>>> print(open('final-v9.cif').read())   # mmCIF, C-alpha atoms and all ligand atoms
data_input
loop_
_atom_site.label_atom_id
_atom_site.label_comp_id
_atom_site.auth_asym_id
_atom_site.auth_seq_id
_atom_site.Cartn_x
_atom_site.Cartn_y
_atom_site.Cartn_z
CA MET A 1 24.21 -44.74 132.06
CA ALA A 2 26.01 -41.37 131.95
CA ILE A 3 23.99 -38.51 130.45
CA ILE A 4 25.60 -37.25 127.24
CA PRO A 5 25.26 -33.48 127.31
CA THR A 6 25.26 -30.84 124.58
CA LEU A 7 28.03 -28.32 125.30
CA ARG A 8 29.02 -25.16 123.43
CA GLU A 9 31.84 -22.67 123.21
CA GLY A 10 31.77 -20.07 120.43
CA ARG A 11 31.32 -21.74 117.02
CA ILE A 12 31.92 -25.24 118.44
CA THR A 13 29.32 -27.63 119.85
CA ILE A 14 29.63 -31.20 121.08
CA ARG A 15 26.42 -33.19 121.28
CA PRO A 16 25.38 -36.85 121.57
CA ILE A 17 25.68 -38.89 118.38
CA ARG A 18 22.31 -40.00 116.90
CA LEU A 19 21.32 -42.67 114.41
CA ARG A 20 20.22 -39.96 111.98
CA ASP A 21 23.85 -38.77 111.86
CA ALA A 22 24.68 -41.94 109.90
CA ARG A 23 24.34 -40.44 106.42
CA PRO A 24 26.24 -37.12 106.93
CA LEU A 25 28.82 -38.95 109.03
CA GLU A 26 29.38 -41.54 106.30
CA ARG A 27 29.72 -38.73 103.73
CA GLU A 28 32.34 -36.97 105.87
CA LEU A 29 34.23 -40.24 106.50
CA LEU A 30 34.27 -41.12 102.77
CA ASP A 31 35.24 -37.60 101.67
CA ASN A 32 38.14 -37.67 104.16
CA ARG A 33 39.57 -41.18 103.53
CA GLY A 34 43.08 -39.90 102.76
CA TRP A 35 42.99 -37.42 105.65
CA LEU A 36 41.88 -39.98 108.25
CA ARG A 37 43.26 -43.38 107.21
CA GLN A 38 46.74 -42.98 108.70
CA TRP A 39 45.27 -42.25 112.14
CA GLU A 40 42.28 -44.60 112.24
CA ALA A 41 41.93 -47.42 114.74
CA THR A 42 41.68 -50.77 112.95
CA ASN A 43 40.68 -54.30 113.88
CA PRO A 44 43.71 -56.55 114.54
CA ARG A 45 41.54 -59.61 113.76
CA GLY A 46 40.42 -58.66 110.27
CA PRO A 47 38.82 -56.11 107.97
CA MET A 48 36.99 -53.10 109.36
CA SER A 49 33.25 -52.62 109.02
CA PHE A 50 32.13 -49.48 107.22
CA ASP A 51 28.55 -49.85 108.46
CA THR A 52 28.09 -46.40 109.98
CA ARG A 53 24.69 -47.20 111.51
CA ALA A 54 26.16 -50.28 113.22
CA SER A 55 29.09 -48.19 114.50
CA ILE A 56 26.69 -45.60 115.95
CA ARG A 57 24.62 -48.35 117.59
CA ALA A 58 27.79 -49.85 119.10
CA LEU A 59 28.81 -46.45 120.50
CA GLN A 60 25.31 -45.90 121.91
CA SER A 61 25.22 -49.34 123.51
CA ASN A 62 28.63 -48.67 125.07
CA ALA A 63 27.25 -45.37 126.41
CA ARG A 64 24.23 -47.15 127.93
CA THR A 65 26.58 -49.27 130.05
CA GLY A 66 28.34 -46.10 131.24
CA GLN A 67 31.61 -46.94 129.47
CA GLY A 68 31.64 -44.22 126.82
CA LEU A 69 30.47 -40.76 125.78
CA PRO A 70 30.09 -40.59 121.99
CA PHE A 71 29.92 -36.99 120.75
CA ILE A 72 29.52 -35.34 117.36
CA ILE A 73 31.65 -32.21 116.92
CA GLU A 74 29.83 -29.40 115.12
CA VAL A 75 31.32 -26.21 113.67
CA ASP A 76 28.69 -23.50 113.11
CA GLY A 77 25.99 -26.20 113.44
CA GLU A 78 27.51 -28.46 110.75
CA LEU A 79 28.69 -32.00 111.47
CA ALA A 80 32.50 -31.70 111.49
CA GLY A 81 33.77 -34.85 113.23
CA GLN A 82 33.62 -37.01 116.31
CA LEU A 83 34.95 -37.04 119.84
CA ASN A 84 34.69 -40.26 121.82
CA VAL A 85 35.39 -40.64 125.49
CA SER A 86 35.97 -44.37 125.92
CA GLY A 87 37.05 -46.91 128.50
CA ILE A 88 35.36 -45.03 131.33
CA ALA A 89 36.28 -46.72 134.60
CA TYR A 90 34.79 -45.65 137.92
CA GLY A 91 35.90 -46.49 141.46
CA SER A 92 39.54 -46.41 142.38
CA THR A 93 40.81 -45.51 138.87
CA SER A 94 37.98 -43.17 137.75
CA SER A 95 39.60 -42.56 134.38
CA ALA A 96 38.89 -42.50 130.65
CA SER A 97 40.54 -41.95 127.24
CA THR A 98 39.62 -39.46 124.54
CA GLY A 99 39.86 -39.86 120.76
CA TYR A 100 38.84 -37.44 118.00
CA TRP A 101 38.85 -36.38 114.35
CA VAL A 102 37.48 -33.57 112.21
CA GLY A 103 37.10 -33.40 108.43
CA GLU A 104 39.88 -31.58 106.58
CA ARG A 105 37.63 -28.64 105.62
CA PHE A 106 37.03 -28.00 109.36
CA ALA A 107 40.72 -28.21 110.34
CA GLY A 108 42.54 -25.31 111.94
CA VAL A 109 39.66 -23.44 113.59
CA GLY A 110 40.30 -24.91 117.02
CA ALA A 111 37.32 -27.28 116.87
CA THR A 112 39.16 -30.21 118.42
CA PRO A 113 40.90 -28.45 121.33
CA THR A 114 37.59 -26.76 122.16
CA ALA A 115 35.73 -30.09 121.98
CA VAL A 116 38.37 -31.84 124.10
CA ALA A 117 38.28 -29.05 126.70
CA LEU A 118 34.47 -29.19 126.93
CA ALA A 119 34.39 -33.00 127.20
CA THR A 120 37.27 -33.18 129.69
CA ASP A 121 35.69 -30.56 131.97
CA TYR A 122 32.39 -32.46 131.85
CA CYS A 123 34.13 -35.72 132.80
CA PHE A 124 35.96 -34.10 135.72
CA GLN A 125 33.21 -31.81 136.98
CA GLN A 126 30.01 -33.76 136.28
CA LEU A 127 31.04 -37.44 136.09
CA GLY A 128 33.60 -37.08 138.88
CA LEU A 129 36.35 -38.78 136.89
CA HIS A 130 39.88 -38.23 138.13
CA ARG A 131 42.18 -38.83 135.13
CA MET A 132 41.72 -38.22 131.40
CA GLU A 133 44.16 -39.63 128.85
CA ILE A 134 44.92 -38.92 125.18
CA CYS A 135 47.33 -41.13 123.21
CA ILE A 136 48.80 -39.98 119.91
CA ARG A 137 51.07 -41.51 117.25
CA PRO A 138 54.52 -39.84 117.28
CA GLU A 139 54.06 -38.83 113.61
CA ASN A 140 50.78 -37.00 114.23
CA ASP A 141 52.02 -33.43 114.58
CA LYS A 142 48.53 -31.94 114.20
CA SER A 143 47.14 -33.97 117.07
CA LEU A 144 50.23 -33.28 119.20
CA ARG A 145 49.35 -29.58 118.81
CA VAL A 146 45.92 -30.26 120.37
CA VAL A 147 47.37 -31.63 123.63
CA ALA A 148 50.06 -28.94 123.68
CA LYS A 149 47.45 -26.17 123.38
CA LEU A 150 45.46 -27.57 126.31
CA GLY A 151 48.47 -28.45 128.48
CA PHE A 152 47.91 -32.18 128.75
CA ARG A 153 50.97 -33.52 130.58
CA TYR A 154 53.31 -35.89 128.73
CA GLU A 155 53.42 -39.25 130.50
CA GLY A 156 55.40 -41.53 128.24
CA LEU A 157 55.92 -43.71 125.21
CA ARG A 158 53.84 -46.86 124.87
CA ARG A 159 55.30 -49.31 122.36
CA ARG A 160 52.94 -50.87 119.80
CA PHE A 161 50.02 -49.69 121.91
CA ILE A 162 47.00 -49.33 119.56
CA HIS A 163 46.16 -51.02 116.24
CA ILE A 164 46.05 -48.12 113.76
CA ASN A 165 45.89 -48.23 109.96
CA GLY A 166 46.61 -51.97 109.90
CA ASP A 167 49.36 -52.44 112.48
CA TRP A 168 50.29 -52.00 116.15
CA ARG A 169 51.62 -48.46 116.54
CA ASP A 170 53.67 -46.68 119.17
CA HIS A 171 51.91 -43.86 120.99
CA PHE A 172 52.89 -40.89 123.12
CA CYS A 173 50.49 -40.67 126.07
CA PHE A 174 49.31 -37.49 127.75
CA ALA A 175 47.00 -37.03 130.71
CA LEU A 176 45.46 -34.60 133.15
CA VAL A 177 44.21 -35.31 136.65
CA ALA A 178 41.39 -33.21 138.06
CA GLU A 179 43.40 -31.45 140.78
CA GLU A 180 45.84 -30.02 138.18
CA ILE A 181 43.17 -27.76 136.72
CA PRO A 182 40.81 -26.44 139.41
CA THR A 183 39.44 -23.77 137.02
CA GLY A 184 38.82 -26.30 134.24
CA VAL A 185 40.63 -27.03 130.99
CA LEU A 186 38.58 -24.64 128.85
CA ARG A 187 38.84 -21.69 131.26
CA ARG A 188 42.61 -22.17 131.67
CA TRP A 189 43.08 -22.24 127.88
CA LEU A 190 40.86 -19.21 127.21
CA ASP A 191 42.65 -17.29 129.97
CA GLY A 192 46.04 -18.03 128.34
CA LYS A 193 47.27 -19.84 131.46
CA VAL A 194 48.28 -23.19 129.92
CA PRO A 195 51.82 -24.20 130.97
CA THR A 196 53.94 -24.15 127.79
CA ASP A 197 56.08 -27.16 128.64
CA ALA A 198 53.52 -29.71 129.91
CA ALA A 199 53.27 -31.65 126.64
CA LEU A 200 56.99 -31.51 125.79
CA ILE A 201 58.34 -34.89 124.70
CA PRO A 202 61.86 -35.78 125.90
CA ASP A 203 64.37 -36.33 123.06
CA GLY A 204 65.04 -39.82 124.40
CA ASP A 205 61.42 -40.88 123.82
CA ARG A 206 61.34 -39.30 120.34
CA ASP A 207 64.53 -41.19 119.47
CA ALA A 208 63.17 -44.43 120.93
CA ALA A 209 59.96 -44.11 118.89
CA GLU A 210 62.05 -43.94 115.71
CA ARG A 211 63.81 -47.23 116.48
CA PRO A 212 62.14 -50.54 115.53
CA PHE A 213 60.53 -52.48 118.37
CA PRO A 214 61.25 -55.16 119.38
CA ALA A 215 64.87 -54.41 118.41
C1 LIG B 1 44.37 -33.76 114.68
C2 LIG B 1 43.07 -33.03 114.42
C3 LIG B 1 41.95 -33.71 115.20
C4 LIG B 1 43.24 -31.57 114.91
O1 LIG B 1 41.98 -30.94 114.85
P1 LIG B 1 41.74 -29.37 114.60
O2 LIG B 1 40.34 -29.14 114.99
O3 LIG B 1 42.16 -28.98 113.25
O4 LIG B 1 42.73 -28.72 115.69
P2 LIG B 1 43.40 -27.26 115.63
O5 LIG B 1 42.49 -26.29 114.95
O6 LIG B 1 43.84 -26.98 117.02
O7 LIG B 1 44.69 -27.44 114.70
C5 LIG B 1 45.75 -28.29 115.15
C6 LIG B 1 46.94 -28.19 114.19
O8 LIG B 1 46.56 -28.71 112.91
C7 LIG B 1 47.35 -28.03 111.89
N1 LIG B 1 46.42 -27.46 110.91
C8 LIG B 1 45.65 -26.37 111.03
N2 LIG B 1 44.91 -26.19 109.92
C9 LIG B 1 45.22 -27.18 109.08
C10 LIG B 1 44.79 -27.54 107.78
N3 LIG B 1 43.88 -26.80 107.12
N4 LIG B 1 45.32 -28.64 107.20
C11 LIG B 1 46.22 -29.36 107.85
N5 LIG B 1 46.66 -29.09 109.11
C12 LIG B 1 46.18 -28.01 109.70
C13 LIG B 1 48.15 -26.96 112.58
O9 LIG B 1 49.44 -27.49 112.83
C14 LIG B 1 47.41 -26.77 113.90
O10 LIG B 1 48.23 -26.32 114.94
P3 LIG B 1 48.40 -24.71 115.14
O11 LIG B 1 47.04 -24.18 115.45
O12 LIG B 1 49.36 -24.60 116.27
O13 LIG B 1 48.92 -24.16 113.83
C15 LIG B 1 42.72 -33.01 112.91
O14 LIG B 1 43.84 -32.55 112.20
C16 LIG B 1 42.31 -34.39 112.38
O15 LIG B 1 41.16 -34.80 112.50
N6 LIG B 1 43.27 -35.13 111.79
C17 LIG B 1 43.00 -36.46 111.25
C18 LIG B 1 42.56 -37.49 112.31
C19 LIG B 1 43.46 -37.50 113.53
O16 LIG B 1 44.66 -37.32 113.44
N7 LIG B 1 42.87 -37.74 114.71
C20 LIG B 1 43.60 -37.74 115.97
C21 LIG B 1 44.18 -39.08 116.26
S1 LIG B 1 45.08 -39.03 117.81
#
>>> encode(input="final-v9.cif", output="structure tokens", more="lines below")
Ligand SMILES: CC(C)(COP(=O)(O)OP(=O)(O)OC[C@H]1O[C@@H](n2cnc3c(N)ncnc32)[C@H](O)[C@@H]1OP(=O)(O)O)[C@@H](O)C(=O)NCCC(=O)NCCS
Amino acid sequence: MAIIPTLREGRITIRPIRLRDARPLERELLDNRGWLRQWEATNPRGPMSFDTRASIRALQSNARTGQGLPFIIEVDGELAGQLNVSGIAYGSTSSASTGYWVGERFAGVGATPTAVALATDYCFQQLGLHRMEICIRPENDKSLRVVAKLGFRYEGLRRRFIHINGDWRDHFCFALVAEEIPTGVLRRWLDGKVPTDAALIPDGDRDAAERPFPA
């Protein structure tokens, strides 16, 4: 099992999710239905469970097998959202994916880029992972800003890649490998040294994502 650390930068903390987060987490999820629904992973086999305690237990059990790092994002000590590192693979791929959300009242203070930077640096520097990936729906301009700020490198369009809000949705994928950022993602961002064009999406992929698939 990977240790899930508590990490801080300024007003933002990421810490392991706990069962006693169930009630405030459920409140935040319910208060933000309209804000989150369009971007939420759904179950292709049927209705979603809204049992927050069961979801936390599932995340914790996944963490015990070393496959995930489930974090709560806090802003000024208040539960603001979640960041999950999932699909951790060791050995010759040594990679993982990151997903995240914050409640609308916490938007725009840089909570998510800070949380992603902290988690990514931990995965590279402490877990020894080599590649970290973030996949985003083409319509999600706010989330595309997060990868642009941190300089995640655009890798390509994946058609109908993840089941979101009731259907298979296209995603733009971004990644970093450890040797691209020897100083760390957070340090590079704070120092203003993020390359401005890393997350640029070619027009051809934007156009392709607007066309139905399969044609
Ligand atoms: C995408 C998301 C995680 C970004 O988190 P965040 O902590 O607000 O990130 P930032 O503070 O860096 O803001 C990112 C962008 O959101 C937009 N934004 C900022 N404040 C906002 C607000 N109050 N309302 C709406 N959008 C806002 C801005 O475009 C901002 O980019 P900018 O700083 O260049 O202006 C958050 O908007 C969210 O949880 N959205 C719903 C769930 C979701 O999309 N999850 C990601 C799935 S891939």
>>> residues_near_ligand(input="final-v9.cif", ligand="ligand LIG 1 (chain B)", cutoff="7 Å", atoms="all atoms listed in the file", output="VMD selection string")
chain A and resid 35 to 36 39 99 to 113 135 to 137 140 to 143 145 to 146
>>> closest_residue(input="final-v9.cif", among="A:Asp21, A:Glu133, A:Asp31, A:Glu210", to="Ala175 in chain A", atoms="all atoms listed in the file")
A:Glu133
>>> atom_distance(input="final-v9.cif", atom1="CA of Glu28 in chain A", atom2="CA of Glu139 in chain A")
23.1 Å
>>> residues_around(input="final-v9.cif", residues="Asp203 in chain A", least_positions_apart="5", cutoff="12 Å", atoms="all atoms listed in the file", output="ChimeraX atom specification")
/A:138,156-157,208-210
>>> residues_near_point(input="final-v9.cif", point="(35.9, -34.1, 135.0)", cutoff="12 Å", atoms="all atoms listed in the file", output="count of residues only")
36
>>> atom_distance(input="final-v9.cif", atom1="CA of Arg153 in chain A", atom2="CA of Thr114 in chain A")
17.2 Å
>>> atom_distance(input="final-v9.cif", atom1="CA of Gly10 in chain A", atom2="CA of Gly66 in chain A")
28.4 Å
>>> closest_residue(input="final-v9.cif", among="A:Asn84, A:Thr6, A:Gln38, A:Ser92", to="Ala63 in chain A", atoms="only C-alpha atoms")
A:Asn84
